[in-house]
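A.B. asks: Contents of model08.cif (mmCIF, C-alpha atoms and all ligand atoms) are below:
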```cif
data_model
#
loop_
_atom_site.label_atom_id
_atom_site.label_comp_id
_atom_site.auth_asym_id
_atom_site.auth_seq_id
_atom_site.Cartn_x
_atom_site.Cartn_y
_atom_site.Cartn_z
CA MET P 1 21.42 -2.34 -7.65
CA ALA P 2 19.02 -5.27 -7.37
CA TYR P 3 16.57 -3.96 -9.91
CA GLN P 4 19.20 -4.08 -12.62
CA VAL P 5 19.24 -7.88 -12.35
CA ILE P 6 16.03 -7.89 -14.36
CA GLY P 7 14.56 -4.75 -15.88
CA TRP P 8 11.40 -3.25 -14.40
CA MET P 9 9.63 -3.52 -17.76
CA GLU P 10 9.97 -7.27 -17.80
CA ALA P 11 8.83 -7.52 -14.17
CA TYR P 12 5.92 -5.15 -14.85
CA ARG P 13 4.72 -7.17 -17.84
CA ALA P 14 5.06 -10.46 -15.96
CA VAL P 15 2.87 -9.22 -13.09
CA ARG P 16 0.31 -7.55 -15.37
CA ASP P 17 -0.02 -10.64 -17.55
CA LYS P 18 -0.21 -13.01 -14.61
CA LEU P 19 -2.55 -11.08 -12.29
CA GLY P 20 -4.41 -8.87 -14.77
CA VAL P 21 -3.48 -5.82 -12.64
CA SER P 22 -0.31 -3.76 -12.69
CA PRO P 23 2.09 -2.73 -9.94
CA ASP P 24 1.69 0.86 -8.74
CA TRP P 25 3.31 3.11 -11.29
CA ARG P 26 4.60 5.49 -8.63
CA LEU P 27 6.90 2.77 -7.32
CA ILE P 28 8.51 2.47 -10.72
CA GLU P 29 8.94 6.24 -11.03
CA TYR P 30 10.77 6.33 -7.72
CA LEU P 31 12.78 3.12 -8.04
CA PRO P 32 16.10 4.97 -8.24
CA GLN P 33 15.41 6.41 -4.77
CA VAL P 34 15.01 2.97 -3.19
CA PRO P 35 18.27 1.69 -1.67
CA ASN P 36 19.32 -1.93 -1.85
CA GLY P 37 17.60 -4.04 0.78
CA PRO P 38 14.45 -5.91 1.71
CA VAL P 39 10.93 -4.77 0.76
CA LEU P 40 7.81 -5.08 2.94
CA ASP P 41 4.31 -4.95 1.43
CA LEU P 42 1.59 -4.43 4.08
CA GLY P 43 -1.82 -5.77 3.04
CA MET P 44 -0.41 -6.94 -0.29
CA GLY P 45 -3.65 -8.56 -1.55
CA LYS P 46 -2.82 -10.76 -4.53
CA GLY P 47 0.65 -9.25 -4.48
CA ARG P 48 0.89 -7.05 -7.55
CA ASN P 49 3.61 -4.94 -5.88
CA ALA P 50 5.25 -7.71 -3.83
CA LEU P 51 5.58 -9.98 -6.86
CA PHE P 52 6.95 -7.11 -8.95
CA PHE P 53 9.81 -6.56 -6.51
CA ALA P 54 10.42 -10.30 -6.06
CA LYS P 55 10.65 -10.63 -9.84
CA MET P 56 13.35 -7.97 -9.88
CA GLY P 57 15.39 -9.86 -7.33
CA TYR P 58 14.55 -7.99 -4.13
CA GLU P 59 14.04 -9.90 -0.88
CA VAL P 60 10.31 -9.45 -0.22
CA ASP P 61 8.19 -9.93 2.90
CA CYS P 62 4.46 -9.36 2.69
CA ILE P 63 1.48 -9.78 4.97
CA ASP P 64 -2.27 -9.80 4.59
CA ILE P 65 -5.17 -10.66 6.86
CA SER P 66 -6.78 -12.74 4.11
CA THR P 67 -5.73 -16.39 3.95
CA THR P 68 -7.07 -16.56 0.39
CA TYR P 69 -4.87 -13.69 -0.79
CA VAL P 70 -1.80 -15.03 0.96
CA LYS P 71 -2.30 -18.44 -0.65
CA GLN P 72 -2.83 -16.83 -4.07
CA CYS P 73 0.29 -14.72 -3.69
CA GLN P 74 2.36 -17.72 -2.60
CA GLU P 75 1.00 -19.73 -5.52
CA HIS P 76 1.90 -17.00 -8.03
CA ALA P 77 5.38 -16.79 -6.55
CA ARG P 78 5.76 -20.57 -6.81
CA THR P 79 4.66 -20.77 -10.43
CA GLU P 80 7.02 -17.92 -11.33
CA ASN P 81 9.86 -19.49 -9.34
CA LEU P 82 10.13 -16.44 -7.11
CA THR P 83 11.28 -16.26 -3.51
CA LEU P 84 8.96 -14.26 -1.29
CA THR P 85 7.71 -14.58 2.30
CA ALA P 86 3.94 -14.11 2.54
CA GLN P 87 2.18 -14.48 5.89
CA VAL P 88 -1.36 -14.25 7.20
CA VAL P 89 -1.02 -11.48 9.79
CA ASP P 90 -3.20 -8.65 11.01
CA ILE P 91 -1.39 -5.31 10.64
CA HIS P 92 -2.70 -4.39 14.10
CA SER P 93 -0.52 -7.01 15.72
CA TYR P 94 2.41 -7.02 13.29
CA GLU P 95 5.71 -5.91 14.75
CA ILE P 96 7.75 -4.55 11.88
CA PRO P 97 11.40 -5.46 12.49
CA ASN P 98 13.41 -2.42 13.49
CA ARG P 99 15.32 -0.65 10.68
CA ARG P 100 15.09 -3.65 8.32
CA TYR P 101 13.42 -2.35 5.17
CA ALA P 102 14.63 -0.40 2.15
CA LEU P 103 11.00 0.04 1.07
CA ILE P 104 7.69 -0.32 2.92
CA ILE P 105 4.54 -0.33 0.80
CA ALA P 106 1.05 0.37 2.15
CA SER P 107 -1.08 0.61 -0.96
CA LYS P 108 -4.83 1.02 -0.44
CA VAL P 109 -4.79 -0.60 2.97
CA LEU P 110 -4.52 2.20 5.56
CA GLN P 111 -8.14 3.18 4.90
CA PHE P 112 -9.31 0.11 6.84
CA PHE P 113 -8.11 1.55 10.15
CA ARG P 114 -9.25 4.27 12.51
CA LYS P 115 -7.29 7.50 12.58
CA SER P 116 -5.73 6.65 15.94
CA GLU P 117 -4.65 3.22 14.66
CA ILE P 118 -3.21 4.69 11.46
CA GLU P 119 -1.01 6.97 13.56
CA GLU P 120 0.36 3.94 15.45
CA ILE P 121 0.94 1.98 12.23
CA ALA P 122 2.81 4.95 10.74
CA LYS P 123 5.14 4.96 13.76
CA LYS P 124 5.87 1.25 13.25
CA ILE P 125 6.51 1.85 9.55
CA TYR P 126 8.97 4.63 10.34
CA ALA P 127 10.80 2.43 12.86
CA GLY P 128 11.01 -0.38 10.28
CA LEU P 129 12.88 1.73 7.72
CA ALA P 130 16.58 1.20 7.16
CA ARG P 131 18.85 4.16 6.43
CA ARG P 132 17.50 5.97 3.34
CA GLY P 133 14.52 3.61 3.37
CA VAL P 134 11.41 4.72 1.49
CA VAL P 135 7.71 4.57 2.38
CA TYR P 136 5.03 4.38 -0.26
CA ALA P 137 1.45 4.96 0.88
CA ARG P 138 -1.49 5.09 -1.50
CA VAL P 139 -4.61 6.20 0.37
CA PHE P 140 -8.10 7.48 -0.36
CA SER P 141 -8.69 11.20 -0.19
CA LEU P 142 -11.68 13.01 1.35
CA ASP P 143 -13.21 13.35 -2.12
CA GLU P 144 -13.66 9.58 -2.27
CA PHE P 145 -16.18 9.88 0.57
CA GLU P 146 -18.78 11.22 -1.88
CA HIS P 147 -18.52 8.01 -3.90
CA VAL P 148 -18.72 5.40 -1.17
CA ARG P 149 -21.43 2.80 -1.70
CA ASP P 150 -24.32 2.73 0.79
CA SER P 151 -23.04 5.83 2.53
CA SER P 152 -26.22 6.07 4.61
CA SER P 153 -24.83 3.32 6.86
CA LEU P 154 -21.64 5.29 7.64
CA GLU P 155 -21.13 6.70 11.12
CA GLU P 156 -18.18 9.00 11.91
CA VAL P 157 -16.31 7.55 14.90
CA GLU P 158 -13.07 9.57 14.74
CA PRO P 159 -12.17 12.56 12.55
CA ASN P 160 -12.67 11.34 8.95
CA THR P 161 -12.94 7.71 10.11
CA TYR P 162 -16.34 6.12 9.52
CA TYR P 163 -17.74 2.80 10.63
CA HIS P 164 -19.64 1.15 7.81
CA SER P 165 -22.25 -0.96 9.58
CA LYS P 166 -23.40 -2.68 6.38
CA TYR P 167 -19.90 -4.00 5.57
CA ARG P 168 -18.71 -4.02 9.21
CA LEU P 169 -15.50 -2.16 8.56
CA TYR P 170 -13.84 1.17 9.14
CA GLN P 171 -13.13 3.54 6.31
CA HIS P 172 -10.80 6.45 6.71
CA PHE P 173 -10.46 9.31 4.23
CA PHE P 174 -7.23 11.31 4.19
CA THR P 175 -6.13 14.87 3.56
CA LYS P 176 -2.69 15.65 2.17
CA ASP P 177 -1.72 17.47 5.38
CA GLU P 178 -2.71 14.45 7.43
CA VAL P 179 -0.59 12.09 5.32
CA LEU P 180 2.36 14.44 5.74
CA SER P 181 1.83 14.57 9.48
CA LEU P 182 2.03 10.77 9.71
CA PHE P 183 5.70 10.84 8.72
CA PRO P 184 7.12 14.05 10.20
CA ARG P 185 10.72 12.87 10.11
CA LEU P 186 10.83 11.67 6.50
CA LYS P 187 12.06 13.73 3.60
CA LEU P 188 9.17 14.28 1.22
CA LEU P 189 9.70 12.69 -2.20
CA CYS P 190 6.19 12.91 -3.59
CA LEU P 191 2.70 13.98 -2.52
CA VAL P 192 0.06 13.89 -5.22
CA GLU P 193 -3.72 14.03 -5.00
CA GLY P 194 -5.86 13.02 -7.95
CA VAL P 195 -8.08 10.43 -9.55
CA GLU P 196 -7.34 7.06 -11.07
CA LEU P 197 -9.45 4.64 -12.99
CA HIS P 198 -10.24 1.68 -10.75
CA PRO P 199 -8.15 -1.12 -12.21
CA ILE P 200 -10.34 -4.17 -11.63
CA GLN P 201 -14.01 -3.29 -11.29
CA LYS P 202 -16.08 -4.35 -14.29
CA LYS P 203 -17.97 -1.06 -14.45
CA PRO P 204 -15.46 1.77 -15.00
CA ARG P 205 -15.19 3.93 -11.91
CA TYR P 206 -12.79 6.56 -10.68
CA GLN P 207 -11.15 6.62 -7.27
CA TRP P 208 -9.89 9.70 -5.47
CA ILE P 209 -6.46 8.97 -4.12
CA ILE P 210 -3.38 10.49 -2.50
CA ASP P 211 0.07 9.11 -3.29
CA TYR P 212 2.81 9.69 -0.74
CA MET P 213 6.49 8.80 -0.85
CA GLY P 214 8.91 9.73 1.88
CA GLN P 215 12.48 8.79 2.65
CA ARG P 216 14.41 8.33 5.85
CA THR P 217 17.50 10.46 5.74
CA ARG P 218 19.51 8.76 8.49
C1 LIG P 301 -7.83 -2.84 -1.43
S1 LIG P 301 -6.83 -4.22 -1.06
C2 LIG P 301 -5.24 -3.66 -1.62
C3 LIG P 301 -4.32 -4.79 -1.89
C4 LIG P 301 -2.93 -4.40 -2.38
N1 LIG P 301 -2.21 -3.59 -1.41
C5 LIG P 301 -3.01 -3.67 -3.70
O1 LIG P 301 -2.77 -2.46 -3.73
O2 LIG P 301 -3.34 -4.33 -4.70
C6 LIG P 301 -6.68 -4.13 0.71
C7 LIG P 301 -5.95 -5.33 1.31
O3 LIG P 301 -5.72 -5.07 2.70
C8 LIG P 301 -5.93 -6.29 3.41
N2 LIG P 301 -6.23 -5.96 4.81
C9 LIG P 301 -7.33 -5.35 5.31
N3 LIG P 301 -7.25 -5.22 6.65
C10 LIG P 301 -6.07 -5.77 7.02
C11 LIG P 301 -5.41 -5.96 8.26
N4 LIG P 301 -5.97 -5.57 9.42
N5 LIG P 301 -4.21 -6.57 8.28
C12 LIG P 301 -3.63 -7.00 7.13
N6 LIG P 301 -4.21 -6.85 5.90
C13 LIG P 301 -5.41 -6.25 5.85
C14 LIG P 301 -7.10 -6.94 2.67
O4 LIG P 301 -7.20 -8.31 2.93
C15 LIG P 301 -6.73 -6.62 1.22
O5 LIG P 301 -5.92 -7.60 0.65
#
```
Go ahead and express the file in the form of structure tokens.
C.D. replies:
Amino acid sequence: MAYQVIGWMEAYRAVRDKLGVSPDWRLIEYLPQVPNGPVLDLGMGKGRNALFFAKMGYEVDCIDISTTYVKQCQEHARTENLTLTAQVVDIHSYEIPNRRYALIIASKVLQFFRKSEIEEIAKKIYAGLARRGVVYARVFSLDEFEHVRDSSSLEEVEPNTYYHSKYRLYQHFFTKDEVLSLFPRLKLLCLVEGVELHPIQKKPRYQWIIDYMGQRTR
């Protein structure tokens, strides 16, 4: 398989040393479940997960709405001599190619959408999975709501979706049942709710998260 071309430990260290943040550990735990094939990282930010898979020899596509992040990700790929396609695209308008991907990653990005939009994105993700393709979604749980900054400017606009007028964005908080319901046709690989130490903020802070992994069976 592709990831045997270079070991995950080497790829993990390279990304951590370069970006100062690590790829999501859950992806490494479940690597043996991921079939050979292209990887898509939705809202990849600086690309800690996208670069990790590119380093291991996977074909990687990634998108983000931020021009700055896309440029940074492309620059990191260039300096590491990695091949990766990074584009400035809004997930709203992105048509995921049908049945193309062995792995689709949506790590800490689905919270920026309204519940109704998340349901549509989940359908596109499902359609984009190849046979035995895997989805990884890392989302914020309802418990994170208690810890949102400036919560007085939050207004609930859909169930568990809030509009944050101060930052002019939506924030959605998930339950485990809801995450499961987004991917009714996938075989459940992992569903874990818990806390993690925020990896980059200067002042240590915990985040309440849900990790989901599901696999297409056909
Ligand atoms: C919290 S960061 C997570 C970045 C990365 N997935 C990670 O785990 O390190 C959220 C990312 O989602 C991107 N994003 C937010 N709204 C988006 C949209 N509508 N379309 C594409 N990317 C979006 C942001 O620019 C940002 O890079």
A.B. asks: Give the answer as one residue: which of P:Ser93, P:Glu144, P:Tyr101, P:Val139 has the shortest atom-to-atom distance to Glu120 (chain P), using only C-alpha atoms?
C.D. replies: P:Ser93
A.B. asks: Give me the residues near Trp25 (chain P) as a PDB file with C-alpha atoms, in the coordinates of the input, where near means some atom within 12 Å (using only C-alpha atoms) and where sequence neighbours in that chain fewer than 3 positions away do not count.
C.D. replies:
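The file below, part18.pdb, is the result:
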```pdb
ATOM      1  CA  TRP P   8      11.400  -3.250 -14.400  1.00  0.00           C
ATOM      2  CA  MET P   9       9.630  -3.520 -17.760  1.00  0.00           C
ATOM      3  CA  TYR P  12       5.920  -5.150 -14.850  1.00  0.00           C
ATOM      4  CA  ARG P  16       0.310  -7.550 -15.370  1.00  0.00           C
ATOM      5  CA  VAL P  21      -3.480  -5.820 -12.640  1.00  0.00           C
ATOM      6  CA  SER P  22      -0.310  -3.760 -12.690  1.00  0.00           C
ATOM      7  CA  ILE P  28       8.510   2.470 -10.720  1.00  0.00           C
ATOM      8  CA  GLU P  29       8.940   6.240 -11.030  1.00  0.00           C
ATOM      9  CA  TYR P  30      10.770   6.330  -7.720  1.00  0.00           C
ATOM     10  CA  LEU P  31      12.780   3.120  -8.040  1.00  0.00           C
ATOM     11  CA  ARG P  48       0.890  -7.050  -7.550  1.00  0.00           C
ATOM     12  CA  ASN P  49       3.610  -4.940  -5.880  1.00  0.00           C
ATOM     13  CA  PHE P  52       6.950  -7.110  -8.950  1.00  0.00           C
ATOM     14  CA  SER P 107      -1.080   0.610  -0.960  1.00  0.00           C
ATOM     15  CA  TYR P 136       5.030   4.380  -0.260  1.00  0.00           C
ATOM     16  CA  ARG P 138      -1.490   5.090  -1.500  1.00  0.00           C
ATOM     17  CA  GLU P 196      -7.340   7.060 -11.070  1.00  0.00           C
ATOM     18  CA  ASP P 211       0.070   9.110  -3.290  1.00  0.00           C
TER      19      ASP P 211
END
```
A.B. asks: Restricting the calculation to only C-alpha atoms: of P:Val135, P:Ile65, P:Leu142, P:Ala11, which residue gets closest to Leu82 (chain P)?
C.D. replies: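 Of P:Val135, P:Ile65, P:Leu142, P:Ala11, the one nearest Leu82 (chain P) is P:Ala11, counting only C-alpha atoms.
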A.B. asks: Per residue of chain P within 10 Å of ligand LIG 301 (chain P), what are the shortest atom pair and its distance in Å to one decimal, counting all atoms listed in the file, with rows by chain and residue number, as JSON lines?
C.D. replies:
```
{"residue": "P:Val21", "atom": "CA", "partner": "P:LIG301", "partner_atom": "O2", "distance": 8.1}
{"residue": "P:Ser22", "atom": "CA", "partner": "P:LIG301", "partner_atom": "O2", "distance": 8.6}
{"residue": "P:Pro23", "atom": "CA", "partner": "P:LIG301", "partner_atom": "O2", "distance": 7.7}
{"residue": "P:Asp24", "atom": "CA", "partner": "P:LIG301", "partner_atom": "O1", "distance": 7.5}
{"residue": "P:Asp41", "atom": "CA", "partner": "P:LIG301", "partner_atom": "N1", "distance": 7.2}
{"residue": "P:Leu42", "atom": "CA", "partner": "P:LIG301", "partner_atom": "N6", "distance": 6.5}
{"residue": "P:Gly43", "atom": "CA", "partner": "P:LIG301", "partner_atom": "N6", "distance": 3.9}
{"residue": "P:Met44", "atom": "CA", "partner": "P:LIG301", "partner_atom": "N1", "distance": 4.0}
{"residue": "P:Gly45", "atom": "CA", "partner": "P:LIG301", "partner_atom": "O5", "distance": 3.3}
{"residue": "P:Lys46", "atom": "CA", "partner": "P:LIG301", "partner_atom": "O2", "distance": 6.5}
{"residue": "P:Gly47", "atom": "CA", "partner": "P:LIG301", "partner_atom": "O2", "distance": 6.3}
{"residue": "P:Arg48", "atom": "CA", "partner": "P:LIG301", "partner_atom": "O2", "distance": 5.8}
{"residue": "P:Asn49", "atom": "CA", "partner": "P:LIG301", "partner_atom": "O2", "distance": 7.1}
{"residue": "P:Ala50", "atom": "CA", "partner": "P:LIG301", "partner_atom": "N1", "distance": 8.9}
{"residue": "P:Cys62", "atom": "CA", "partner": "P:LIG301", "partner_atom": "C12", "distance": 9.5}
{"residue": "P:Ile63", "atom": "CA", "partner": "P:LIG301", "partner_atom": "C12", "distance": 6.2}
{"residue": "P:Asp64", "atom": "CA", "partner": "P:LIG301", "partner_atom": "N6", "distance": 3.8}
{"residue": "P:Ile65", "atom": "CA", "partner": "P:LIG301", "partner_atom": "C12", "distance": 4.0}
{"residue": "P:Ser66", "atom": "CA", "partner": "P:LIG301", "partner_atom": "O4", "distance": 4.6}
{"residue": "P:Thr67", "atom": "CA", "partner": "P:LIG301", "partner_atom": "O4", "distance": 8.3}
{"residue": "P:Thr68", "atom": "CA", "partner": "P:LIG301", "partner_atom": "O4", "distance": 8.6}
{"residue": "P:Tyr69", "atom": "CA", "partner": "P:LIG301", "partner_atom": "O5", "distance": 6.3}
{"residue": "P:Val70", "atom": "CA", "partner": "P:LIG301", "partner_atom": "O5", "distance": 8.5}
{"residue": "P:Gln87", "atom": "CA", "partner": "P:LIG301", "partner_atom": "C12", "distance": 9.6}
{"residue": "P:Val88", "atom": "CA", "partner": "P:LIG301", "partner_atom": "C12", "distance": 7.6}
{"residue": "P:Val89", "atom": "CA", "partner": "P:LIG301", "partner_atom": "C12", "distance": 5.8}
{"residue": "P:Asp90", "atom": "CA", "partner": "P:LIG301", "partner_atom": "N5", "distance": 3.6}
{"residue": "P:Ile91", "atom": "CA", "partner": "P:LIG301", "partner_atom": "N5", "distance": 3.9}
{"residue": "P:His92", "atom": "CA", "partner": "P:LIG301", "partner_atom": "N4", "distance": 5.8}
{"residue": "P:Ser93", "atom": "CA", "partner": "P:LIG301", "partner_atom": "N5", "distance": 8.3}
{"residue": "P:Tyr94", "atom": "CA", "partner": "P:LIG301", "partner_atom": "N5", "distance": 8.3}
{"residue": "P:Ile105", "atom": "CA", "partner": "P:LIG301", "partner_atom": "N1", "distance": 7.8}
{"residue": "P:Ala106", "atom": "CA", "partner": "P:LIG301", "partner_atom": "N1", "distance": 6.2}
{"residue": "P:Ser107", "atom": "CA", "partner": "P:LIG301", "partner_atom": "N1", "distance": 4.4}
{"residue": "P:Lys108", "atom": "CA", "partner": "P:LIG301", "partner_atom": "C2", "distance": 4.8}
{"residue": "P:Val109", "atom": "CA", "partner": "P:LIG301", "partner_atom": "O3", "distance": 4.6}
{"residue": "P:Leu110", "atom": "CA", "partner": "P:LIG301", "partner_atom": "O3", "distance": 7.9}
{"residue": "P:Gln111", "atom": "CA", "partner": "P:LIG301", "partner_atom": "C6", "distance": 8.6}
{"residue": "P:Phe112", "atom": "CA", "partner": "P:LIG301", "partner_atom": "N3", "distance": 5.7}
{"residue": "P:Phe113", "atom": "CA", "partner": "P:LIG301", "partner_atom": "N4", "distance": 7.5}
{"residue": "P:Ala137", "atom": "CA", "partner": "P:LIG301", "partner_atom": "N1", "distance": 9.6}
{"residue": "P:Arg138", "atom": "CA", "partner": "P:LIG301", "partner_atom": "O1", "distance": 8.0}
{"residue": "P:Val139", "atom": "CA", "partner": "P:LIG301", "partner_atom": "O1", "distance": 9.8}
{"residue": "P:Leu169", "atom": "CA", "partner": "P:LIG301", "partner_atom": "N3", "distance": 9.0}
{"residue": "P:Tyr170", "atom": "CA", "partner": "P:LIG301", "partner_atom": "N3", "distance": 9.5}
{"residue": "P:Pro199", "atom": "CA", "partner": "P:LIG301", "partner_atom": "O2", "distance": 9.5}
{"residue": "P:Ile200", "atom": "CA", "partner": "P:LIG301", "partner_atom": "O2", "distance": 9.9}
```
A.B. asks: Could the residues in this selection be written to a file with C-alpha atoms, as a tab-separated table (two decimals), in the frame of the given file?
C.D. replies:
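Dumped to result.tsv:
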```tsv
chain	number	residue	atom	x	y	z
P	21	VAL	CA	-3.48	-5.82	-12.64
P	22	SER	CA	-0.31	-3.76	-12.69
P	23	PRO	CA	2.09	-2.73	-9.94
P	24	ASP	CA	1.69	0.86	-8.74
P	41	ASP	CA	4.31	-4.95	1.43
P	42	LEU	CA	1.59	-4.43	4.08
P	43	GLY	CA	-1.82	-5.77	3.04
P	44	MET	CA	-0.41	-6.94	-0.29
P	45	GLY	CA	-3.65	-8.56	-1.55
P	46	LYS	CA	-2.82	-10.76	-4.53
P	47	GLY	CA	0.65	-9.25	-4.48
P	48	ARG	CA	0.89	-7.05	-7.55
P	49	ASN	CA	3.61	-4.94	-5.88
P	50	ALA	CA	5.25	-7.71	-3.83
P	62	CYS	CA	4.46	-9.36	2.69
P	63	ILE	CA	1.48	-9.78	4.97
P	64	ASP	CA	-2.27	-9.80	4.59
P	65	ILE	CA	-5.17	-10.66	6.86
P	66	SER	CA	-6.78	-12.74	4.11
P	67	THR	CA	-5.73	-16.39	3.95
P	68	THR	CA	-7.07	-16.56	0.39
P	69	TYR	CA	-4.87	-13.69	-0.79
P	70	VAL	CA	-1.80	-15.03	0.96
P	87	GLN	CA	2.18	-14.48	5.89
P	88	VAL	CA	-1.36	-14.25	7.20
P	89	VAL	CA	-1.02	-11.48	9.79
P	90	ASP	CA	-3.20	-8.65	11.01
P	91	ILE	CA	-1.39	-5.31	10.64
P	92	HIS	CA	-2.70	-4.39	14.10
P	93	SER	CA	-0.52	-7.01	15.72
P	94	TYR	CA	2.41	-7.02	13.29
P	105	ILE	CA	4.54	-0.33	0.80
P	106	ALA	CA	1.05	0.37	2.15
P	107	SER	CA	-1.08	0.61	-0.96
P	108	LYS	CA	-4.83	1.02	-0.44
P	109	VAL	CA	-4.79	-0.60	2.97
P	110	LEU	CA	-4.52	2.20	5.56
P	111	GLN	CA	-8.14	3.18	4.90
P	112	PHE	CA	-9.31	0.11	6.84
P	113	PHE	CA	-8.11	1.55	10.15
P	137	ALA	CA	1.45	4.96	0.88
P	138	ARG	CA	-1.49	5.09	-1.50
P	139	VAL	CA	-4.61	6.20	0.37
P	169	LEU	CA	-15.50	-2.16	8.56
P	170	TYR	CA	-13.84	1.17	9.14
P	199	PRO	CA	-8.15	-1.12	-12.21
P	200	ILE	CA	-10.34	-4.17	-11.63
```
A.B. asks: Mind pulling up the distance from CA of Glu119 (chain P) to CA of Glu158 (chain P)?
C.D. replies: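 Separation of CA of Glu158 (chain P) and CA of Glu119 (chain P): 12.4 Å.
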A.B. asks: Between CA of Glu146 (chain P) and CA of Leu180 (chain P), what distance in Å does the model show, to one decimal?
C.D. replies: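 About the pair CA of Glu146 (chain P) and CA of Leu180 (chain P): they are 22.7 Å apart.
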A.B. asks: Just give me the gap between CA of Arg205 (chain P) and CA of Gly20 (chain P) in Å, one decimal is fine.
C.D. replies: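 According to the coordinates, CA of Arg205 (chain P) and CA of Gly20 (chain P) are separated by 17.0 Å.
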A.B. asks: Would you mind telling me which residue in P:Lys202, P:Phe145, P:Ile210, P:Leu154 lies nearest to Lys176 (chain P) when using all atoms listed in the file?
C.D. replies: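 The closest residue to Lys176 (chain P) is P:Ile210.
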A.B. asks: Using all atoms listed in the file, can you tell me which of P:His198, P:Arg78, P:Arg100, P:His172 comes closest to Val134 (chain P)?
C.D. replies: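 Of P:His198, P:Arg78, P:Arg100, P:His172, the one nearest Val134 (chain P), counting all atoms listed in the file, is P:Arg100.
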A.B. asks: Closest to Lys115 (chain P) among P:Glu59, P:Asp143, P:Asp17, P:Glu156, using all atoms listed in the file?
C.D. replies: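 Ranking P:Glu59, P:Asp143, P:Asp17, P:Glu156 by distance to Lys115 (chain P), first place goes to P:Glu156.
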A.B. asks: Give the answer as one residue: which of P:Glu95, P:Glu193, P:Asp61, P:Glu117 has the shortest atom-to-atom distance to Thr83 (chain P), using all atoms listed in the file?
C.D. replies: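 Using all atoms listed in the file, Thr83 (chain P) sits closest to P:Asp61.
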A.B. asks: Set up a box along x, y and z of the file covering all listed atoms of region 202-212 of chain P, add 5 Å on every one of the six sides, and write the centre and edge lengths in Å to one decimal, as AutoDock Vina command-line options.
C.D. replies:
```
--center_x -7.6 --center_y 3.1 --center_z -7.9 --size_x 30.8 --size_y 24.8 --size_z 24.3
```
A.B. asks: Grab region 102-114 of chain P from that structure and dump N, CA and C atoms to a file, as a CSV table (one decimal), in the first residue's frame.
C.D. replies:
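Result file follows (out-v8.csv):
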```
chain,number,residue,atom,x,y,z
P,102,ALA,N,-10.3,7.6,-1.7
P,102,ALA,CA,-10.1,6.6,-0.7
P,102,ALA,C,-10.3,7.1,0.7
P,103,LEU,N,-10.1,8.4,0.9
P,103,LEU,CA,-10.2,9.0,2.2
P,103,LEU,C,-10.6,10.5,2.0
P,104,ILE,N,-11.7,10.9,2.7
P,104,ILE,CA,-12.1,12.3,2.8
P,104,ILE,C,-12.0,12.8,4.2
P,105,ILE,N,-11.2,13.8,4.4
P,105,ILE,CA,-11.0,14.4,5.7
P,105,ILE,C,-11.7,15.7,5.9
P,106,ALA,N,-12.5,15.8,7.0
P,106,ALA,CA,-13.1,17.1,7.3
P,106,ALA,C,-12.8,17.4,8.8
P,107,SER,N,-11.6,17.9,9.0
P,107,SER,CA,-11.2,18.0,10.4
P,107,SER,C,-11.4,19.5,10.9
P,108,LYS,N,-12.3,19.7,11.9
P,108,LYS,CA,-12.5,21.0,12.5
P,108,LYS,C,-13.0,22.0,11.4
P,109,VAL,N,-13.8,21.6,10.5
P,109,VAL,CA,-14.3,22.6,9.5
P,109,VAL,C,-15.8,22.6,9.4
P,110,LEU,N,-16.4,21.4,9.7
P,110,LEU,CA,-17.9,21.4,9.5
P,110,LEU,C,-18.7,22.3,10.5
P,111,GLN,N,-18.0,22.7,11.5
P,111,GLN,CA,-18.6,23.6,12.5
P,111,GLN,C,-19.0,25.0,11.9
P,112,PHE,N,-18.4,25.3,10.8
P,112,PHE,CA,-18.6,26.7,10.2
P,112,PHE,C,-19.8,26.7,9.4
P,113,PHE,N,-20.6,25.7,9.3
P,113,PHE,CA,-21.8,25.6,8.5
P,113,PHE,C,-23.1,25.4,9.3
P,114,ARG,N,-24.2,25.8,8.7
P,114,ARG,CA,-25.5,25.6,9.4
P,114,ARG,C,-25.8,24.1,9.3
```
